[in-house]
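Peer 1: One structure follows; several queries about it will come next.
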Amino acid sequence: MRETQMQLTGTPFLILTIVLVPVSIAVALLLWGRVRGPRPFQALSRIAMLLFCQLTAVLTVFVMVNNANLIYGSWDDLLGTGNHVRAVPDLQAQANGGTGGAGAPGNDAQHAKVLQQFKPVGDPKVPNDVQTTDLKGAVSGVDGEVLVWLPPQYDDPAYKDKTFPVVELLPGWPGSSKTWFGTLRVSEQLKPMMQGGQVAPFILVSPRTNLLGDNTDTGCADVPGKVNADAWLSRDVPQMVLDNFRADPSADRWAVAGYSAGGHCAAKLALEHPDRYRAGISLSGYNDPAVEDKSLTAKDPHLREVSNPLNILRSAKTPPKTALYVSGNKGDGLEAGEALKAAAKAPTTVTVQETDGAHSSDVWKPMVPGVFTWLTGVIPVKH
């Protein structure tokens, strides 16, 4: 089965599951009275027919829900068979040895640009102007796809000498690099606002965050011997963007945003790396990694402590120049935001927005325009 023809989120597979429902019912009706043999065999055969009908119905519902929310973007993600960790370099040893383990993207004058090949995403849920590339992380040892969308001004001759601010977009867990574009419709919502000047012309970048093949959340952290997810997101992906697009290299022009587990990651990365991000946006995120019981960082007491955005903020030698936007319902992110706001000292700022509704894209999608309007106030349009 070629994924290009029958990918998990593609229309052909959806149609197949829909067709199977009436087919399974027709088969059951046709064969129900024709089953021969001992009574136990007849009973088991008819139970099997009923189960097959139920299975096809449940499968169709699952595919529809998955396509609507892009929870799993591929067969490997669904089955837990995709491992995107090629190697796990010891970044701490490299930093201590002076081999560049802690450098920020764009700061190395000796860095040779690595140009990527980009292609359409090829998913009917994702707009055609979103492109994707397969990136081999030179620092992290992680390999994965990265989706990129360029603002309408990017190809305007009037902006040919301009550089653009960048926002990294992180999904929840499990989640797909397609979700921000396909479910939250971020580019479709923001494009007219960018054209009208209400929102800055951000380059939008959505990297893979589901990196391990055992249905484990990385917590967007560097976990020795397991994965360098932090380095993948905060170094390899930004460096790729700087190498291939007219992106502004200044940390003051970069932000990271996420929802749910991705919101936790966004707050963590923004506070941990103020030399790489000016702002972080957490929609229904959390501070304690243990909220996600599949998180690697929740399994180790030290990692759990140092990966908590609240602890990162409290233990900072000097308050970071970081602007955070944290939203959440009561019991679902609001308290985490309030704790961060209470701990923040200038120049750190924390904006907290209380929300209503379930922990779902139905809440986050309509927030996109307001969130990026807020972000434009932090990273304004350059004239």
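By order in the structure tokens, chains are A, B, ...; within a chain, residues start at 1; ligands start at 1, following the order shown.
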Would you give me, as a ChimeraX atom specification, the residues in stretch 197-356 of chain A that DSSP reads as alpha helix (DSSP H)?

Peer 2: /A:229-231,237-244,261-272,301-306,309-315,334-343

Peer 1: Excluding A:Ile15 and its own-chain neighbours fewer than 2 positions away, which residues fall within 12 Å of it when counting only C-alpha atoms? Please give them as a short mmCIF file (atom, residue, chain, number, x, y, z; two decimals) with N, CA and C atoms, in the first residue's frame.

Peer 2:
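Writing the result to around_8.cif gives the following:
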data_model
loop_
_atom_site.label_atom_id
_atom_site.label_comp_id
_atom_site.auth_asym_id
_atom_site.auth_seq_id
_atom_site.Cartn_x
_atom_site.Cartn_y
_atom_site.Cartn_z
N MET A 6 -3.04 5.86 -0.57
CA MET A 6 -3.98 5.50 0.49
C MET A 6 -3.44 5.97 1.83
N GLN A 7 -3.17 7.27 1.94
CA GLN A 7 -2.68 7.77 3.20
C GLN A 7 -3.82 7.86 4.21
N LEU A 8 -3.46 7.83 5.47
CA LEU A 8 -4.43 7.76 6.54
C LEU A 8 -5.46 8.88 6.47
N THR A 9 -5.01 10.10 6.17
CA THR A 9 -5.91 11.25 6.17
C THR A 9 -6.42 11.60 4.78
N GLY A 10 -6.16 10.74 3.80
CA GLY A 10 -6.56 11.02 2.43
C GLY A 10 -8.01 10.69 2.14
N THR A 11 -8.53 11.28 1.09
CA THR A 11 -9.91 11.03 0.68
C THR A 11 -10.17 9.59 0.26
N PRO A 12 -9.24 8.92 -0.48
CA PRO A 12 -9.51 7.53 -0.88
C PRO A 12 -9.78 6.60 0.29
N PHE A 13 -9.00 6.73 1.37
CA PHE A 13 -9.21 5.85 2.52
C PHE A 13 -10.53 6.16 3.21
N THR A 17 -13.66 3.48 3.76
CA THR A 17 -14.30 3.13 5.03
C THR A 17 -15.81 3.37 4.97
N ILE A 18 -16.22 4.42 4.27
CA ILE A 18 -17.66 4.71 4.15
C ILE A 18 -18.35 3.61 3.33
N VAL A 19 -17.70 3.20 2.24
CA VAL A 19 -18.28 2.16 1.39
C VAL A 19 -18.39 0.83 2.13
N LEU A 20 -17.43 0.56 3.01
CA LEU A 20 -17.44 -0.71 3.72
C LEU A 20 -18.65 -0.88 4.63
N VAL A 21 -19.22 0.22 5.10
CA VAL A 21 -20.36 0.12 6.02
C VAL A 21 -21.57 -0.54 5.35
N PRO A 22 -22.08 0.02 4.24
CA PRO A 22 -23.23 -0.66 3.61
C PRO A 22 -22.86 -2.03 3.03
N THR A 56 -16.81 -1.80 10.92
CA THR A 56 -16.74 -0.86 9.81
C THR A 56 -17.34 0.50 10.19
N LEU A 59 -14.85 2.21 12.49
CA LEU A 59 -13.70 2.64 11.70
C LEU A 59 -14.01 3.93 10.95
N THR A 60 -15.20 4.01 10.36
CA THR A 60 -15.59 5.22 9.63
C THR A 60 -15.64 6.43 10.56
N VAL A 61 -16.20 6.26 11.74
CA VAL A 61 -16.28 7.37 12.70
C VAL A 61 -14.87 7.80 13.12
N VAL A 63 -12.05 7.52 11.43
CA VAL A 63 -11.38 8.20 10.33
C VAL A 63 -11.92 9.62 10.18
N MET A 64 -13.24 9.79 10.32
CA MET A 64 -13.82 11.13 10.22
C MET A 64 -13.30 12.05 11.33
#

Peer 1: Point out the residue among A:Pro274, A:Pro320, A:Pro207, A:Gly196 with the least atom-to-atom distance to A:Gly137, counting only C-alpha atoms.

Peer 2: A:Pro207

Peer 1: Could you jot down the atom CA of A:Arg86 to atom CA of A:Met240 separation for me, Å, one decimal place?

Peer 2: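 Separation of atom CA of A:Arg86 and atom CA of A:Met240: 17.6 Å.
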
Peer 1: Tell me, counting only C-alpha atoms, for each residue of stretch 75-179 of chain A within 12 Å of stretch 262-271 of chain A, which pair of atoms is nearest and how far apart they are in Å to one decimal, in rows ordered by chain and increasing number, as a tab-separated table.

Peer 2:
residue	atom	partner	partner_atom	distance
A:Val167	CA	A:Ala266	CA	10.5
A:Glu168	CA	A:Ala266	CA	8.7
A:Leu169	CA	A:Gly262	CA	8.1
A:Leu170	CA	A:Gly262	CA	4.9
A:Pro171	CA	A:Gly262	CA	5.0
A:Gly172	CA	A:Gly262	CA	4.6
A:Trp173	CA	A:Gly262	CA	7.2
A:Pro174	CA	A:Gly262	CA	9.8
A:Gly175	CA	A:Gly262	CA	8.9
A:Ser176	CA	A:Gly262	CA	10.8
A:Ser177	CA	A:Gly262	CA	11.0
A:Thr179	CA	A:Gly262	CA	11.4

Peer 1: Could you give me, as a PyMOL selection string, each residue of stretch 49-287 of chain A that DSSP assigns to strand (DSSP E) when run on this structure's backbone?

Peer 2: chain A and resi 119-120+131-136+143-149+166-170+203-207+222-223+227-228+254-259+279-283

Peer 1: Measuring atom to atom with only C-alpha atoms, identify which of A:Asn244, A:Thr163, A:Thr183, A:Ser327 is nearest to A:Asp123.

Peer 2: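 Closest to A:Asp123, using only C-alpha atoms: A:Thr183.
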
Peer 1: Between A:Trp32, A:Tyr159, A:Phe62, A:Trp149, which one has atoms that come closest to A:Phe118, using only C-alpha atoms?

Peer 2: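 With only C-alpha atoms as the atom set, the closest residue is A:Trp149.
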
Peer 1: Measuring atom to atom with only C-alpha atoms, identify which of A:Thr218, A:Gln54, A:Gln198, A:Gln353 is nearest to A:Lys299.

Peer 2: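 Ranking A:Thr218, A:Gln54, A:Gln198, A:Gln353 by distance to A:Lys299, first place goes to A:Thr218.
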
Peer 1: Extract, using only C-alpha atoms, all DNA, RNA and protein residues at most 10 Å from A:Pro249, discarding same-chain residues fewer than 4 positions from it, and format them as an MDAnalysis selection string.

Peer 2: chainID A and resid 104:107 163:166 238:239 241:242 253:254 276

Peer 1: From the set A:Phe52, A:Tyr277, A:Phe245, A:Trp364, which residue has the shortest atom-to-atom contact distance to A:Gly328, counting only C-alpha atoms?

Peer 2: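 The closest residue to A:Gly328 is A:Trp364.
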
Peer 1: Of the candidates A:Ile281, A:Gln153, A:Glu272, A:Asp332, which shows the shortest atom-to-atom distance to A:Asn311, using only C-alpha atoms?

Peer 2: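 Using only C-alpha atoms, the shortest distance to A:Asn311 belongs to A:Glu272.
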
Peer 1: Using only C-alpha atoms, determine which residues lie at most 9 Å from A:Arg314, disregarding the query and same-chain residues fewer than 3 positions distant; provide the list as a PDB file with N, CA, C and O atoms, in the first residue's frame.

Peer 2:
ATOM      1  N   PRO A 309       7.752  24.815  33.046  1.00  0.00           N
ATOM      2  CA  PRO A 309       7.955  26.243  32.756  1.00  0.00           C
ATOM      3  C   PRO A 309       7.952  27.132  33.990  1.00  0.00           C
ATOM      4  O   PRO A 309       8.695  28.122  34.051  1.00  0.00           O
ATOM      5  N   LEU A 310       7.150  26.787  34.986  1.00  0.00           N
ATOM      6  CA  LEU A 310       7.112  27.591  36.204  1.00  0.00           C
ATOM      7  C   LEU A 310       8.449  27.518  36.935  1.00  0.00           C
ATOM      8  O   LEU A 310       8.967  28.542  37.413  1.00  0.00           O
ATOM      9  N   ASN A 311       9.042  26.335  37.004  1.00  0.00           N
ATOM     10  CA  ASN A 311      10.350  26.191  37.639  1.00  0.00           C
ATOM     11  C   ASN A 311      11.440  26.886  36.828  1.00  0.00           C
ATOM     12  O   ASN A 311      12.377  27.460  37.397  1.00  0.00           O
ATOM     13  N   LYS A 317      18.378  33.059  36.394  1.00  0.00           N
ATOM     14  CA  LYS A 317      19.284  33.988  37.095  1.00  0.00           C
ATOM     15  C   LYS A 317      18.814  35.417  36.943  1.00  0.00           C
ATOM     16  O   LYS A 317      18.908  36.220  37.873  1.00  0.00           O
ATOM     17  N   PRO A 319      15.366  37.553  35.078  1.00  0.00           N
ATOM     18  CA  PRO A 319      14.089  37.332  34.393  1.00  0.00           C
ATOM     19  C   PRO A 319      14.261  37.449  32.882  1.00  0.00           C
ATOM     20  O   PRO A 319      14.845  38.425  32.391  1.00  0.00           O
ATOM     21  N   LEU A 340       2.211  31.227  36.372  1.00  0.00           N
ATOM     22  CA  LEU A 340       3.294  31.874  35.637  1.00  0.00           C
ATOM     23  C   LEU A 340       3.221  33.395  35.774  1.00  0.00           C
ATOM     24  O   LEU A 340       4.241  34.069  35.953  1.00  0.00           O
ATOM     25  N   ALA A 343       4.513  34.550  39.105  1.00  0.00           N
ATOM     26  CA  ALA A 343       5.959  34.403  39.276  1.00  0.00           C
ATOM     27  C   ALA A 343       6.759  35.346  38.386  1.00  0.00           C
ATOM     28  O   ALA A 343       7.960  35.524  38.604  1.00  0.00           O
ATOM     29  N   ALA A 344       6.117  35.949  37.387  1.00  0.00           N
ATOM     30  CA  ALA A 344       6.841  36.763  36.404  1.00  0.00           C
ATOM     31  C   ALA A 344       7.300  38.091  36.986  1.00  0.00           C
ATOM     32  O   ALA A 344       6.578  38.742  37.738  1.00  0.00           O
TER      33      ALA A 344
END

Peer 1: Quick one: pull the distance between atom CA of A:Ser315 and atom CA of A:Leu211, Å, one decimal.

Peer 2: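 According to the coordinates, atom CA of A:Ser315 and atom CA of A:Leu211 are separated by 28.6 Å.
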